[in-house]
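Data file: work_24.cif. Format and content: mmCIF, C-alpha atoms.
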```
data_final
#
loop_
_atom_site.label_atom_id
_atom_site.label_comp_id
_atom_site.auth_asym_id
_atom_site.auth_seq_id
_atom_site.Cartn_x
_atom_site.Cartn_y
_atom_site.Cartn_z
CA MET A 5 -28.83 30.69 19.94
CA PHE A 6 -26.56 28.42 17.93
CA PHE A 7 -24.06 28.04 20.77
CA GLN A 8 -26.90 27.48 23.20
CA SER A 9 -28.10 24.62 20.98
CA ILE A 10 -24.60 23.14 21.06
CA LYS A 11 -24.59 23.21 24.88
CA ILE A 12 -28.01 21.56 25.04
CA ALA A 13 -26.94 18.88 22.53
CA ALA A 14 -23.71 18.16 24.43
CA ARG A 15 -25.61 17.91 27.73
CA ALA A 16 -28.13 15.51 26.22
CA LEU A 17 -25.39 13.25 24.86
CA LEU A 18 -23.45 13.29 28.14
CA LEU A 19 -26.54 12.17 30.04
CA ASN A 20 -26.45 8.95 28.01
CA LYS A 21 -22.72 8.28 27.70
CA THR A 22 -22.96 4.54 27.00
CA ARG A 23 -25.63 4.94 24.35
CA SER A 24 -23.74 7.82 22.75
CA PHE A 25 -20.54 5.74 22.60
CA LEU A 26 -22.28 2.72 21.13
CA THR A 27 -23.93 5.01 18.57
CA MET A 28 -20.50 6.38 17.57
CA LEU A 29 -18.94 2.92 17.44
CA GLY A 30 -20.16 2.20 13.91
CA ILE A 31 -18.67 5.48 12.68
CA ILE A 32 -15.41 4.86 14.56
CA ILE A 33 -15.02 1.38 13.05
CA GLY A 34 -15.95 2.65 9.59
CA ILE A 35 -13.51 5.56 9.57
CA THR A 36 -10.73 3.41 11.02
CA ALA A 37 -11.31 0.76 8.35
CA VAL A 38 -11.38 3.33 5.53
CA ILE A 39 -8.09 4.95 6.57
CA VAL A 40 -6.30 1.64 7.32
CA LEU A 41 -7.39 -0.04 4.09
CA ILE A 42 -6.68 2.95 1.86
CA SER A 43 -3.31 3.38 3.57
CA ALA A 44 -2.51 -0.32 3.10
CA GLY A 45 -3.38 -0.12 -0.59
CA GLN A 46 -1.33 3.01 -1.16
CA GLY A 47 1.57 1.64 0.89
CA ALA A 48 1.63 -1.59 -1.09
CA GLN A 49 1.49 0.37 -4.34
CA GLU A 50 4.38 2.60 -3.27
CA LEU A 51 6.41 -0.46 -2.22
CA ILE A 52 5.88 -2.09 -5.63
CA VAL A 53 6.72 1.12 -7.49
CA ASN A 54 9.93 1.64 -5.50
CA GLN A 55 11.00 -1.96 -6.02
CA VAL A 56 10.50 -1.76 -9.78
CA LYS A 57 12.25 1.63 -9.94
CA GLY A 58 15.10 0.11 -7.94
CA ILE A 59 15.50 -2.56 -10.62
CA GLY A 60 15.90 0.12 -13.30
CA SER A 61 13.81 1.78 -15.98
CA ASN A 62 16.07 0.75 -18.87
CA LEU A 63 16.13 -3.01 -18.39
CA LEU A 64 14.79 -5.97 -20.32
CA PHE A 65 14.60 -9.53 -19.06
CA VAL A 66 14.68 -12.53 -21.36
CA ILE A 67 13.03 -15.57 -19.77
CA PRO A 68 13.16 -19.08 -21.30
CA GLY A 69 9.81 -20.37 -22.53
CA GLY A 70 7.08 -18.63 -24.50
CA SER A 71 4.17 -16.85 -22.84
CA GLY A 72 1.57 -17.30 -25.59
CA LYS A 73 -0.58 -14.45 -26.84
CA SER A 74 -0.79 -12.47 -23.61
CA GLN A 75 2.17 -10.29 -22.68
CA PHE A 76 1.31 -10.75 -19.00
CA SER A 77 0.87 -14.53 -18.90
CA ALA A 78 3.58 -16.53 -17.15
CA PRO A 79 6.21 -18.24 -19.32
CA ALA A 80 6.71 -21.97 -18.88
CA SER A 81 9.94 -21.55 -16.90
CA ALA A 82 8.11 -19.39 -14.35
CA GLN A 83 5.72 -22.28 -13.80
CA GLY A 84 8.54 -24.65 -12.75
CA ILE A 85 9.07 -26.24 -16.16
CA ILE A 86 12.75 -26.59 -17.11
CA ILE A 87 13.41 -24.82 -20.41
CA THR A 88 16.90 -24.89 -21.97
CA SER A 89 16.32 -22.49 -24.86
CA LEU A 90 18.69 -19.72 -23.73
CA VAL A 91 22.34 -20.57 -24.36
CA ASP A 92 25.75 -18.90 -24.71
CA ALA A 93 25.28 -18.34 -28.45
CA ASP A 94 22.29 -16.11 -27.65
CA VAL A 95 24.32 -14.01 -25.23
CA LYS A 96 27.11 -13.54 -27.79
CA SER A 97 24.61 -12.53 -30.50
CA LEU A 98 22.90 -10.01 -28.21
CA ARG A 99 26.30 -8.49 -27.40
CA ASN A 100 26.96 -7.94 -31.11
CA LYS A 101 26.48 -4.20 -31.73
CA LEU A 102 25.72 -4.81 -35.38
CA LEU A 103 22.77 -7.04 -34.49
CA ALA A 104 21.51 -5.13 -31.44
CA PRO A 105 22.88 -1.55 -31.39
CA SER A 106 20.42 -0.38 -28.68
CA ILE A 107 21.85 -2.76 -26.07
CA GLU A 108 24.57 -1.67 -23.64
CA TYR A 109 25.12 -4.75 -21.46
CA VAL A 110 24.00 -8.36 -21.52
CA SER A 111 24.22 -10.39 -18.31
CA PRO A 112 23.24 -14.10 -18.27
CA GLU A 113 22.05 -15.72 -15.06
CA VAL A 114 21.58 -19.15 -13.52
CA ARG A 115 20.04 -19.81 -10.14
CA GLY A 116 19.83 -22.49 -7.47
CA GLN A 117 19.37 -22.88 -3.72
CA TYR A 118 21.95 -24.64 -1.57
CA THR A 119 23.28 -25.13 1.94
CA VAL A 120 25.99 -22.56 2.57
CA SER A 121 28.49 -23.26 5.36
CA TYR A 122 31.08 -21.27 7.25
CA ASN A 123 32.78 -22.94 10.21
CA ASN A 124 29.87 -24.55 12.07
CA GLU A 125 27.22 -22.15 10.72
CA ASP A 126 24.89 -23.47 7.99
CA GLN A 127 22.30 -21.48 6.04
CA ILE A 128 20.00 -22.30 3.15
CA ALA A 129 20.50 -19.50 0.62
CA PRO A 130 19.75 -18.73 -3.02
CA VAL A 131 22.90 -18.79 -5.13
CA VAL A 132 22.93 -16.89 -8.44
CA GLY A 133 25.52 -17.23 -11.15
CA GLU A 134 26.21 -13.91 -12.88
CA ASP A 135 28.84 -12.45 -15.17
CA GLU A 136 31.08 -9.46 -14.44
CA ASN A 137 28.46 -6.98 -15.73
CA PHE A 138 25.76 -7.91 -13.22
CA GLY A 139 26.54 -5.09 -10.76
CA VAL A 140 26.31 -2.49 -13.53
CA VAL A 141 23.13 -3.92 -15.07
CA ARG A 142 21.26 -4.27 -11.77
CA ASN A 143 22.76 -1.17 -10.12
CA ILE A 144 24.26 -3.11 -7.21
CA ASN A 145 27.13 -1.51 -5.29
CA LEU A 146 29.47 -3.18 -2.82
CA THR A 147 30.02 -2.08 0.77
CA ALA A 148 33.21 -4.16 1.01
CA GLY A 149 35.56 -5.87 -1.43
CA ASN A 150 35.38 -5.83 -5.22
CA TRP A 151 33.45 -7.41 -8.08
CA TYR A 152 35.04 -10.38 -9.78
CA THR A 153 36.36 -9.85 -13.31
CA LYS A 154 35.82 -11.34 -16.77
CA SER A 155 38.89 -13.52 -16.24
CA ASP A 156 37.21 -14.94 -13.12
CA VAL A 157 34.12 -15.81 -15.18
CA ASP A 158 36.15 -17.31 -18.02
CA GLY A 159 38.40 -19.23 -15.65
CA LEU A 160 35.62 -20.78 -13.48
CA THR A 161 37.10 -19.03 -10.41
CA GLN A 162 35.51 -20.03 -7.10
CA VAL A 163 34.74 -16.59 -5.67
CA ALA A 164 31.55 -15.21 -4.10
CA ILE A 165 29.84 -11.93 -3.25
CA LEU A 166 27.50 -12.04 -0.24
CA GLY A 167 24.20 -10.21 0.21
CA SER A 168 24.05 -8.04 3.32
CA THR A 169 21.70 -10.38 5.21
CA ILE A 170 23.51 -13.63 4.47
CA LYS A 171 26.77 -11.91 5.42
CA GLU A 172 25.32 -11.09 8.87
CA ASP A 173 23.94 -14.62 9.25
CA LEU A 174 27.27 -16.28 8.49
CA PHE A 175 29.85 -13.81 9.79
CA GLY A 176 28.11 -11.34 12.11
CA GLU A 177 30.50 -8.45 12.74
CA GLN A 178 33.50 -10.38 11.38
CA ASP A 179 35.07 -9.19 8.11
CA PRO A 180 34.22 -11.87 5.52
CA ILE A 181 36.60 -10.69 2.77
CA GLY A 182 39.10 -13.44 2.00
CA GLN A 183 37.26 -16.06 4.08
CA LEU A 184 36.26 -19.42 2.60
CA ILE A 185 32.66 -20.62 2.56
CA LYS A 186 31.26 -23.85 1.20
CA ILE A 187 28.38 -24.01 -1.25
CA LYS A 188 27.22 -27.55 -1.97
CA GLN A 189 30.50 -28.66 -0.39
CA VAL A 190 32.47 -26.60 -2.94
CA SER A 191 34.81 -23.95 -1.45
CA PHE A 192 34.39 -20.31 -2.49
CA ARG A 193 36.46 -17.32 -1.40
CA VAL A 194 34.45 -14.25 -0.38
CA VAL A 195 35.56 -11.21 -2.41
CA GLY A 196 32.73 -8.74 -1.73
CA VAL A 197 29.59 -7.79 0.20
CA SER A 198 26.70 -6.04 -1.58
CA GLU A 199 24.73 -3.11 -0.21
CA PRO A 200 21.19 -3.76 1.12
CA LYS A 201 18.80 -3.85 -1.85
CA GLY A 202 15.62 -5.53 -0.59
CA VAL A 203 13.31 -7.42 -2.91
CA GLY A 204 14.28 -7.20 -6.56
CA ALA A 205 13.06 -8.62 -9.85
CA PHE A 206 10.63 -11.53 -9.66
CA GLY A 207 10.23 -11.17 -5.89
CA VAL A 208 13.81 -12.24 -5.07
CA ASP A 209 15.30 -11.00 -1.79
CA GLN A 210 18.65 -9.72 -3.02
CA ASP A 211 20.05 -9.41 0.50
CA THR A 212 19.91 -13.15 1.19
CA GLN A 213 21.52 -14.30 -2.05
CA ILE A 214 25.11 -15.18 -2.90
CA ILE A 215 26.51 -14.14 -6.26
CA VAL A 216 29.16 -16.30 -7.98
CA PRO A 217 30.59 -16.34 -11.53
CA VAL A 218 27.98 -17.72 -13.92
CA SER A 219 30.35 -20.26 -15.49
CA THR A 220 31.37 -21.57 -12.06
CA ALA A 221 27.72 -21.99 -11.05
CA GLN A 222 26.91 -23.78 -14.32
CA LYS A 223 29.76 -26.28 -14.17
CA LEU A 224 30.45 -26.85 -10.46
CA LEU A 225 27.01 -26.35 -8.87
CA LEU A 226 24.24 -26.94 -11.40
CA GLY A 227 25.85 -29.05 -14.12
CA ILE A 228 24.02 -27.23 -16.97
CA ASN A 229 24.92 -25.34 -20.16
CA HIS A 230 21.82 -23.14 -20.48
CA TYR A 231 20.73 -19.96 -18.68
CA ASN A 232 17.69 -19.28 -16.47
CA LEU A 233 17.55 -15.58 -17.37
CA ILE A 234 19.29 -12.93 -19.46
CA SER A 235 19.29 -9.37 -18.12
CA ILE A 236 19.76 -6.61 -20.68
CA GLN A 237 20.58 -2.98 -20.03
CA VAL A 238 19.42 -0.67 -22.80
CA LYS A 239 20.99 2.71 -23.63
CA ASP A 240 18.04 4.60 -22.16
CA ALA A 241 14.37 4.11 -21.29
CA GLU A 242 13.26 5.61 -24.63
CA SER A 243 15.14 2.84 -26.50
CA ILE A 244 13.24 0.03 -24.72
CA PRO A 245 10.72 -0.67 -27.54
CA LEU A 246 13.47 -0.73 -30.20
CA ALA A 247 15.74 -2.90 -28.04
CA LYS A 248 12.89 -5.34 -27.44
CA GLU A 249 12.40 -5.70 -31.19
CA GLU A 250 16.15 -6.28 -31.63
CA VAL A 251 16.21 -8.95 -28.93
CA GLU A 252 13.22 -10.76 -30.42
CA ARG A 253 14.68 -10.62 -33.93
CA VAL A 254 18.08 -11.96 -32.80
CA LEU A 255 16.65 -14.80 -30.72
CA ARG A 256 14.13 -15.84 -33.39
CA TYR A 257 16.95 -16.02 -35.91
CA ASN A 258 19.13 -18.04 -33.51
CA HIS A 259 16.30 -20.41 -32.59
CA LYS A 260 15.01 -20.68 -36.20
CA ILE A 261 11.55 -19.34 -35.29
CA SER A 262 9.42 -17.71 -38.00
CA ASP A 263 6.10 -17.54 -36.15
CA PRO A 264 6.17 -15.19 -33.10
CA GLN A 265 3.40 -17.28 -31.50
CA LYS A 266 5.92 -20.13 -31.27
CA ASP A 267 8.61 -18.17 -29.41
CA ASP A 268 10.54 -20.29 -26.91
CA PHE A 269 11.49 -17.18 -24.93
CA THR A 270 9.72 -14.21 -23.35
CA VAL A 271 11.00 -10.61 -23.27
CA ARG A 272 9.75 -8.57 -20.34
CA ASN A 273 10.14 -4.92 -19.38
CA PRO A 274 9.70 -4.13 -15.65
CA GLN A 275 7.87 -0.91 -16.58
CA ASP A 276 5.12 -2.94 -18.26
CA ALA A 277 4.67 -4.91 -15.05
CA LEU A 278 4.74 -1.65 -13.08
CA SER A 279 1.87 -0.19 -15.11
CA LEU A 280 -0.18 -3.35 -14.67
CA LEU A 281 0.52 -3.64 -10.94
CA THR A 282 -0.18 0.06 -10.38
CA ASN A 283 -3.57 -0.27 -12.07
CA ILE A 284 -4.37 -3.40 -10.05
CA THR A 285 -3.40 -1.86 -6.70
CA SER A 286 -5.32 1.34 -7.51
CA VAL A 287 -8.49 -0.61 -8.26
CA LEU A 288 -7.90 -2.75 -5.17
CA THR A 289 -7.49 0.36 -2.99
CA ILE A 290 -10.76 1.80 -4.26
CA PHE A 291 -12.48 -1.55 -3.76
CA LEU A 292 -11.19 -1.86 -0.19
CA GLY A 293 -12.22 1.72 0.56
CA ALA A 294 -15.71 1.02 -0.80
CA ILE A 295 -16.06 -2.08 1.40
CA ALA A 296 -14.99 -0.07 4.45
CA GLY A 297 -17.48 2.61 3.42
CA ILE A 298 -20.31 0.12 3.93
CA SER A 299 -19.57 0.09 7.65
CA LEU A 300 -19.84 3.90 7.59
CA LEU A 301 -23.29 3.57 6.04
CA VAL A 302 -24.28 1.08 8.73
CA GLY A 303 -22.96 3.46 11.38
CA GLY A 304 -24.98 6.32 9.90
CA ILE A 305 -28.17 4.24 9.96
CA GLY A 306 -27.42 3.38 13.59
CA ILE A 307 -27.19 7.08 14.43
CA MET A 308 -30.53 7.73 12.74
CA ASN A 309 -32.18 4.93 14.74
CA ILE A 310 -30.77 6.19 18.03
CA MET A 311 -31.84 9.75 17.25
CA LEU A 312 -35.37 8.52 16.50
CA VAL A 313 -35.41 6.76 19.87
CA SER A 314 -34.10 9.97 21.46
CA VAL A 315 -36.92 11.98 19.87
CA THR A 316 -39.49 9.57 21.32
CA GLU A 317 -37.91 9.63 24.79
CA ARG A 318 -37.68 13.43 24.84
CA THR A 319 -41.17 14.18 23.51
CA ARG A 320 -42.23 15.98 26.71
CA GLU A 321 -38.99 17.99 26.69
CA ILE A 322 -39.68 19.08 23.11
CA GLY A 323 -43.25 20.04 24.03
CA LEU A 324 -42.04 22.06 27.02
CA ARG A 325 -39.46 23.92 24.92
CA LYS A 326 -42.06 24.75 22.30
CA ALA A 327 -44.53 25.87 24.98
CA ILE A 328 -42.06 28.45 26.31
CA GLY A 329 -41.29 29.86 22.86
CA ALA A 330 -38.85 27.53 21.03
CA LYS A 331 -39.46 27.62 17.30
CA ARG A 332 -39.46 24.69 14.89
CA LYS A 333 -36.03 25.67 13.50
CA ASP A 334 -34.61 25.67 17.08
CA ILE A 335 -35.73 22.07 17.66
CA LEU A 336 -34.50 21.06 14.18
CA LEU A 337 -31.10 22.66 14.83
CA GLN A 338 -30.72 21.00 18.23
CA PHE A 339 -31.25 17.46 16.97
CA LEU A 340 -29.14 18.07 13.85
CA ILE A 341 -26.29 19.32 16.06
CA GLU A 342 -26.57 16.17 18.19
CA ALA A 343 -26.37 13.92 15.12
CA VAL A 344 -23.44 15.81 13.59
CA PHE A 345 -21.70 15.96 16.99
CA LEU A 346 -21.90 12.16 17.29
CA THR A 347 -20.57 11.52 13.77
CA VAL A 348 -17.79 14.11 13.92
CA LEU A 349 -16.59 12.96 17.35
CA GLY A 350 -16.70 9.35 16.16
CA GLY A 351 -14.84 10.44 13.03
CA VAL A 352 -12.07 12.13 14.99
CA ILE A 353 -11.59 9.02 17.15
CA GLY A 354 -11.68 6.88 14.00
CA ILE A 355 -9.05 9.06 12.30
CA VAL A 356 -6.69 8.70 15.27
CA LEU A 357 -7.20 4.93 15.45
CA GLY A 358 -6.92 4.66 11.65
CA TYR A 359 -3.61 6.53 11.66
CA LEU A 360 -2.21 4.27 14.39
CA GLY A 361 -3.54 1.21 12.57
CA ALA A 362 -1.93 2.36 9.30
CA ILE A 363 1.43 2.68 11.05
CA ALA A 364 1.06 -0.80 12.56
CA ILE A 365 0.16 -2.32 9.16
CA ALA A 366 3.12 -0.53 7.55
CA ILE A 367 5.50 -1.96 10.15
CA ILE A 368 4.16 -5.47 9.54
CA GLY A 369 4.22 -5.02 5.77
CA LYS A 370 7.67 -3.37 5.89
CA TRP A 371 6.70 -0.29 3.91
CA THR A 372 6.55 3.44 4.65
CA PRO A 373 3.26 4.48 6.30
CA VAL A 374 1.09 6.26 3.74
CA VAL A 375 -1.77 8.22 5.32
CA SER A 376 -2.75 10.88 2.81
CA LEU A 377 -4.38 14.13 3.83
CA GLY A 378 -6.98 13.37 1.18
CA SER A 379 -8.11 10.17 2.90
CA ILE A 380 -8.41 12.01 6.25
CA LEU A 381 -10.37 14.89 4.73
CA LEU A 382 -12.57 12.41 2.88
CA ALA A 383 -13.27 10.49 6.07
CA PHE A 384 -14.01 13.68 8.01
CA GLY A 385 -16.23 15.02 5.23
CA VAL A 386 -18.17 11.76 5.02
CA CYS A 387 -18.72 11.85 8.79
CA THR A 388 -20.16 15.35 8.67
CA LEU A 389 -22.30 14.51 5.63
CA PHE A 390 -23.65 11.36 7.26
CA GLY A 391 -24.44 13.32 10.39
CA LEU A 392 -26.54 15.74 8.35
CA ILE A 393 -28.17 13.11 6.16
CA PHE A 394 -29.10 10.70 8.94
CA GLY A 395 -29.93 13.46 11.40
CA ILE A 396 -32.39 15.32 9.17
CA TYR A 397 -35.25 12.85 9.45
CA PRO A 398 -35.23 12.50 13.29
CA ALA A 399 -34.66 16.27 13.67
CA ASN A 400 -37.48 17.07 11.27
CA LYS A 401 -39.77 14.65 13.09
CA ALA A 402 -38.97 16.32 16.42
CA SER A 403 -39.52 19.82 15.04
CA LYS A 404 -42.99 18.90 13.76
CA LEU A 405 -44.31 17.70 17.14
CA SER A 406 -47.31 19.63 18.43
CA PRO A 407 -46.47 21.21 21.81
CA ILE A 408 -49.87 20.24 23.29
CA GLU A 409 -49.65 16.62 22.12
CA ALA A 410 -46.01 16.47 23.22
CA LEU A 411 -46.82 17.66 26.75
CA ARG A 412 -49.57 15.02 27.01
CA TYR A 413 -47.14 12.25 25.92
CA GLU A 414 -46.46 9.59 28.55
#
```

Would you mind writing the structure in this file as structure tokens?
Amino acid sequence: MFFQSIKIAARALLLNKTRSFLTMLGIIIGITAVIVLISAGQGAQELIVNQVKGIGSNLLFVIPGGSGKSQFSAPASAQGIIITSLVDADVKSLRNKLLAPSIEYVSPEVRGQYTVSYNNEDQIAPVVGEDENFGVVRNINLTAGNWYTKSDVDGLTQVAILGSTIKEDLFGEQDPIGQLIKIKQVSFRVVGVSEPKGVGAFGVDQDTQIIVPVSTAQKLLLGINHYNLISIQVKDAESIPLAKEEVERVLRYNHKISDPQKDDFTVRNPQDALSLLTNITSVLTIFLGAIAGISLLVGGIGIMNIMLVSVTERTREIGLRKAIGAKRKDILLQFLIEAVFLTVLGGVIGIVLGYLGAIAIAIIGKWTPVVSLGSILLAFGVCTLFGLIFGIYPANKASKLSPIEALRYE
């Protein structure tokens, strides 16, 4: 009898193809939206996590300018204000093992953006001044050439290491090692090309940047004596809290600061930012999924309305079936099957469209598509549940019809 009810339900839905499709449309849109939005949230979260992990779990960044009471508020330098509080004396003190025994490497940085030229090819590119430890601290390997040395940094040597993207833009397939480029009309000899790294700390695209000795950038390009950032590699991730205390103690002593609220520097750990961003993206994913779920609710109400209309239109049919022996549970089962059939079929279509949409969003967002089995099962389960919930009332109404009154219905 159950399979017979399925056949009857399928026949009834096929007789009204357009109405059946429009009824499913709300469910299709809802399921598609749920899968796409949850996938987008999870994909963005995974992208952020991978980027922070790529930076390193045992790093600290010292940024000029205090951040006030909140550890997550932006320091003044991040807001475009020029702060000159980080100087060479700070770097030397942080390298002193007696003052900061938890620190392995200290790498100062300056940054600017300039026109970079090779032959007749010009590009606007970020140029970062780093010392010889930068590759070790930031875990950057070279695909060609070699890192410059401490003597290059001390001697203001005009050498450069190209990111993979800027190398392609300027040289294409040509080998750039040994070639001369001009940065701000100053000649630099290319000595290396870095491996593709993507977006790094503070949202910087590491593949488009050019790395030069920090002293050369300070004197020949920027004309400054301070640093924009100090990167610190700690012995291991477990030593991060102790190293942070050492950095703060050393810099407060150097800068003659007794009140921590008056710090003219900010010490940041990428893992702190990772925890915050992970929490934010998780909440955002849930929020987006909840918004998409509203369309599922609307679709379920639409199915209930259509099923009520169907009950009214098929009153005589119901009366005839009851007159020849159909029981109340048979009528109830038939209309429930129709409602569940509509929601499940709409859910399957929505899952397929949602999966394709998630892939498209991932391609645009440049992250790996993340369509979890959990989100698919959730969407499918919600479809079935909505079919039962919103099908019960119309089905119950149909099953209660009196066969005599139903046969008289015009």

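CA of Val352 in chain A is found 19.9 Å from CA of Ile310 in chain A.
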
Here CA of Gln183 in chain A and CA of Arg142 in chain A stand apart by 25.4 Å

As a PyMOL selection string, please: the residues near Asp94 in chain A (cut-off 12 Å, all atoms listed in the file, same-chain neighbours under 4 positions excluded). chain A and resi 66+68+88-90+98-100+103-104+110-112+230-231+233-234+251-259+269

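Nearest residue to Leu160 in chain A among A:Ala37, A:Val348, A:Val140, A:Leu224 is A:Leu224, counting all atoms listed in the file.
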
Residues selected by the PyMOL selection byres ((chain A and resi 155) around 12), written as a PyMOL selection string: chain A and resi 135-136+151-154+156-163+217-220

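The nearest approach to Gln213 in chain A among the residues A:Lys401, A:Lys239, A:Arg193, A:Lys171, with all atoms listed in the file taken into account, belongs to A:Lys171.
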
9 Å contact set for Gly361 in chain A, only C-alpha atoms, chain neighbours under 3 positions out, as a VMD selection string: chain A and resid 36 to 37 39 to 40 356 to 358 364 to 366

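As for CA of Gly176 in chain A and CA of Gly202 in chain A, they are spaced 18.7 Å apart.
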
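Across the chains present, the PyMOL selection byres ((chain A and resi 268) around 6) applied to this file returns Gly69, Gly70, Asp267 and Phe269 of chain A.
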
Residues picked by the PyMOL selection byres ((chain A and resi 367-384) around 8) here, as a PDB file with C-alpha atoms, in the coordinates of the input?
```
ATOM      1  CA  ILE A  35     -13.510   5.560   9.570  1.00  0.00           C
ATOM      2  CA  VAL A  38     -11.380   3.330   5.530  1.00  0.00           C
ATOM      3  CA  ILE A  39      -8.090   4.950   6.570  1.00  0.00           C
ATOM      4  CA  ILE A  42      -6.680   2.950   1.860  1.00  0.00           C
ATOM      5  CA  SER A  43      -3.310   3.380   3.570  1.00  0.00           C
ATOM      6  CA  ALA A  44      -2.510  -0.320   3.100  1.00  0.00           C
ATOM      7  CA  GLN A  46      -1.330   3.010  -1.160  1.00  0.00           C
ATOM      8  CA  GLY A  47       1.570   1.640   0.890  1.00  0.00           C
ATOM      9  CA  ALA A  48       1.630  -1.590  -1.090  1.00  0.00           C
ATOM     10  CA  LEU A  51       6.410  -0.460  -2.220  1.00  0.00           C
ATOM     11  CA  VAL A 348     -17.790  14.110  13.920  1.00  0.00           C
ATOM     12  CA  GLY A 351     -14.840  10.440  13.030  1.00  0.00           C
ATOM     13  CA  VAL A 352     -12.070  12.130  14.990  1.00  0.00           C
ATOM     14  CA  ILE A 355      -9.050   9.060  12.300  1.00  0.00           C
ATOM     15  CA  TYR A 359      -3.610   6.530  11.660  1.00  0.00           C
ATOM     16  CA  ALA A 362      -1.930   2.360   9.300  1.00  0.00           C
ATOM     17  CA  ILE A 363       1.430   2.680  11.050  1.00  0.00           C
ATOM     18  CA  ALA A 364       1.060  -0.800  12.560  1.00  0.00           C
ATOM     19  CA  ILE A 365       0.160  -2.320   9.160  1.00  0.00           C
ATOM     20  CA  ALA A 366       3.120  -0.530   7.550  1.00  0.00           C
ATOM     21  CA  GLY A 385     -16.230  15.020   5.230  1.00  0.00           C
ATOM     22  CA  VAL A 386     -18.170  11.760   5.020  1.00  0.00           C
ATOM     23  CA  CYS A 387     -18.720  11.850   8.790  1.00  0.00           C
ATOM     24  CA  THR A 388     -20.160  15.350   8.670  1.00  0.00           C
TER      25      THR A 388
END
```

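Nearest-residue note for Ile31 in chain A: choosing from A:Asn400, A:Asn123, A:Thr347, A:Gln49, the minimum distance belongs to A:Thr347, counting all atoms listed in the file.
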
Range 114-119 of chain A: which residues within 8 Å, counting all atoms listed in the file, same-chain residues fewer than 5 positions away excluded, as a VMD selection string? chain A and resid 126 to 134 187 to 188 218 221 to 222 226 231 to 233

Could those residues be written to a file, using C-alpha atoms, as a PDB file, in the frame of the given file?
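selection-v4.pdb written:
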```
ATOM      1  CA  ASP A 126      24.890 -23.470   7.990  1.00  0.00           C
ATOM      2  CA  GLN A 127      22.300 -21.480   6.040  1.00  0.00           C
ATOM      3  CA  ILE A 128      20.000 -22.300   3.150  1.00  0.00           C
ATOM      4  CA  ALA A 129      20.500 -19.500   0.620  1.00  0.00           C
ATOM      5  CA  PRO A 130      19.750 -18.730  -3.020  1.00  0.00           C
ATOM      6  CA  VAL A 131      22.900 -18.790  -5.130  1.00  0.00           C
ATOM      7  CA  VAL A 132      22.930 -16.890  -8.440  1.00  0.00           C
ATOM      8  CA  GLY A 133      25.520 -17.230 -11.150  1.00  0.00           C
ATOM      9  CA  GLU A 134      26.210 -13.910 -12.880  1.00  0.00           C
ATOM     10  CA  ILE A 187      28.380 -24.010  -1.250  1.00  0.00           C
ATOM     11  CA  LYS A 188      27.220 -27.550  -1.970  1.00  0.00           C
ATOM     12  CA  VAL A 218      27.980 -17.720 -13.920  1.00  0.00           C
ATOM     13  CA  ALA A 221      27.720 -21.990 -11.050  1.00  0.00           C
ATOM     14  CA  GLN A 222      26.910 -23.780 -14.320  1.00  0.00           C
ATOM     15  CA  LEU A 226      24.240 -26.940 -11.400  1.00  0.00           C
ATOM     16  CA  TYR A 231      20.730 -19.960 -18.680  1.00  0.00           C
ATOM     17  CA  ASN A 232      17.690 -19.280 -16.470  1.00  0.00           C
ATOM     18  CA  LEU A 233      17.550 -15.580 -17.370  1.00  0.00           C
TER      19      LEU A 233
END
```

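The protein and nucleic acid residues lying at most 8 Å from Asn273 in chain A are Leu63, Leu64, Phe65, Ile244 and Ala277 of chain A, with all atoms listed in the file considered and sequence neighbours fewer than 4 positions away removed.
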
May I have the residues from that selection written out with C-alpha atoms, as a PDB file, keeping the file's coordinate frame?
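Dumped to result23.pdb:
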```pdb
ATOM      1  CA  LEU A  63      16.130  -3.010 -18.390  1.00  0.00           C
ATOM      2  CA  LEU A  64      14.790  -5.970 -20.320  1.00  0.00           C
ATOM      3  CA  PHE A  65      14.600  -9.530 -19.060  1.00  0.00           C
ATOM      4  CA  ILE A 244      13.240   0.030 -24.720  1.00  0.00           C
ATOM      5  CA  ALA A 277       4.670  -4.910 -15.050  1.00  0.00           C
TER       6      ALA A 277
END
```

Pick the closest to Gly304 in chain A from A:Thr169, A:Val216, A:Ala343, A:Glu113: which is it, counting all atoms listed in the file? A:Ala343

Could you work out an axis-aligned box for range 376-393 of chain A, taking every atom the file lists and adding 5 Å on each side, and report centre and edge lengths in Å to one decimal, as lines of an AutoDock Vina configuration file?
```
center_x = -15.5
center_y = 13.0
center_z = 5.8
size_x = 35.4
size_y = 15.6
size_z = 19.2
```

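Residues in contact range of Asn62 in chain A, defined as at most 6 Å between all atoms listed in the file, with sequence neighbours fewer than 4 positions away removed, read A:Gln237, A:Val238, A:Asp240, A:Ala241.
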
Tell me which of A:Phe339, A:Ile353, A:Leu29, A:Thr147 sits closest to Leu392 in chain A, counting only C-alpha atoms. A:Phe339

Within 12 Å of (28.0, -8.8, 0.1), in the coordinates the file gives, what residues turn up when you count only C-alpha atoms, written out as a PyMOL selection string? chain A and resi 139+144-151+163-175+179-181+194-201+210-216

Min atom-atom distance to Glu50 in chain A from the set A:Ile185, A:Ser286, A:Leu349, A:Val344, counting all atoms listed in the file, belongs to A:Ser286
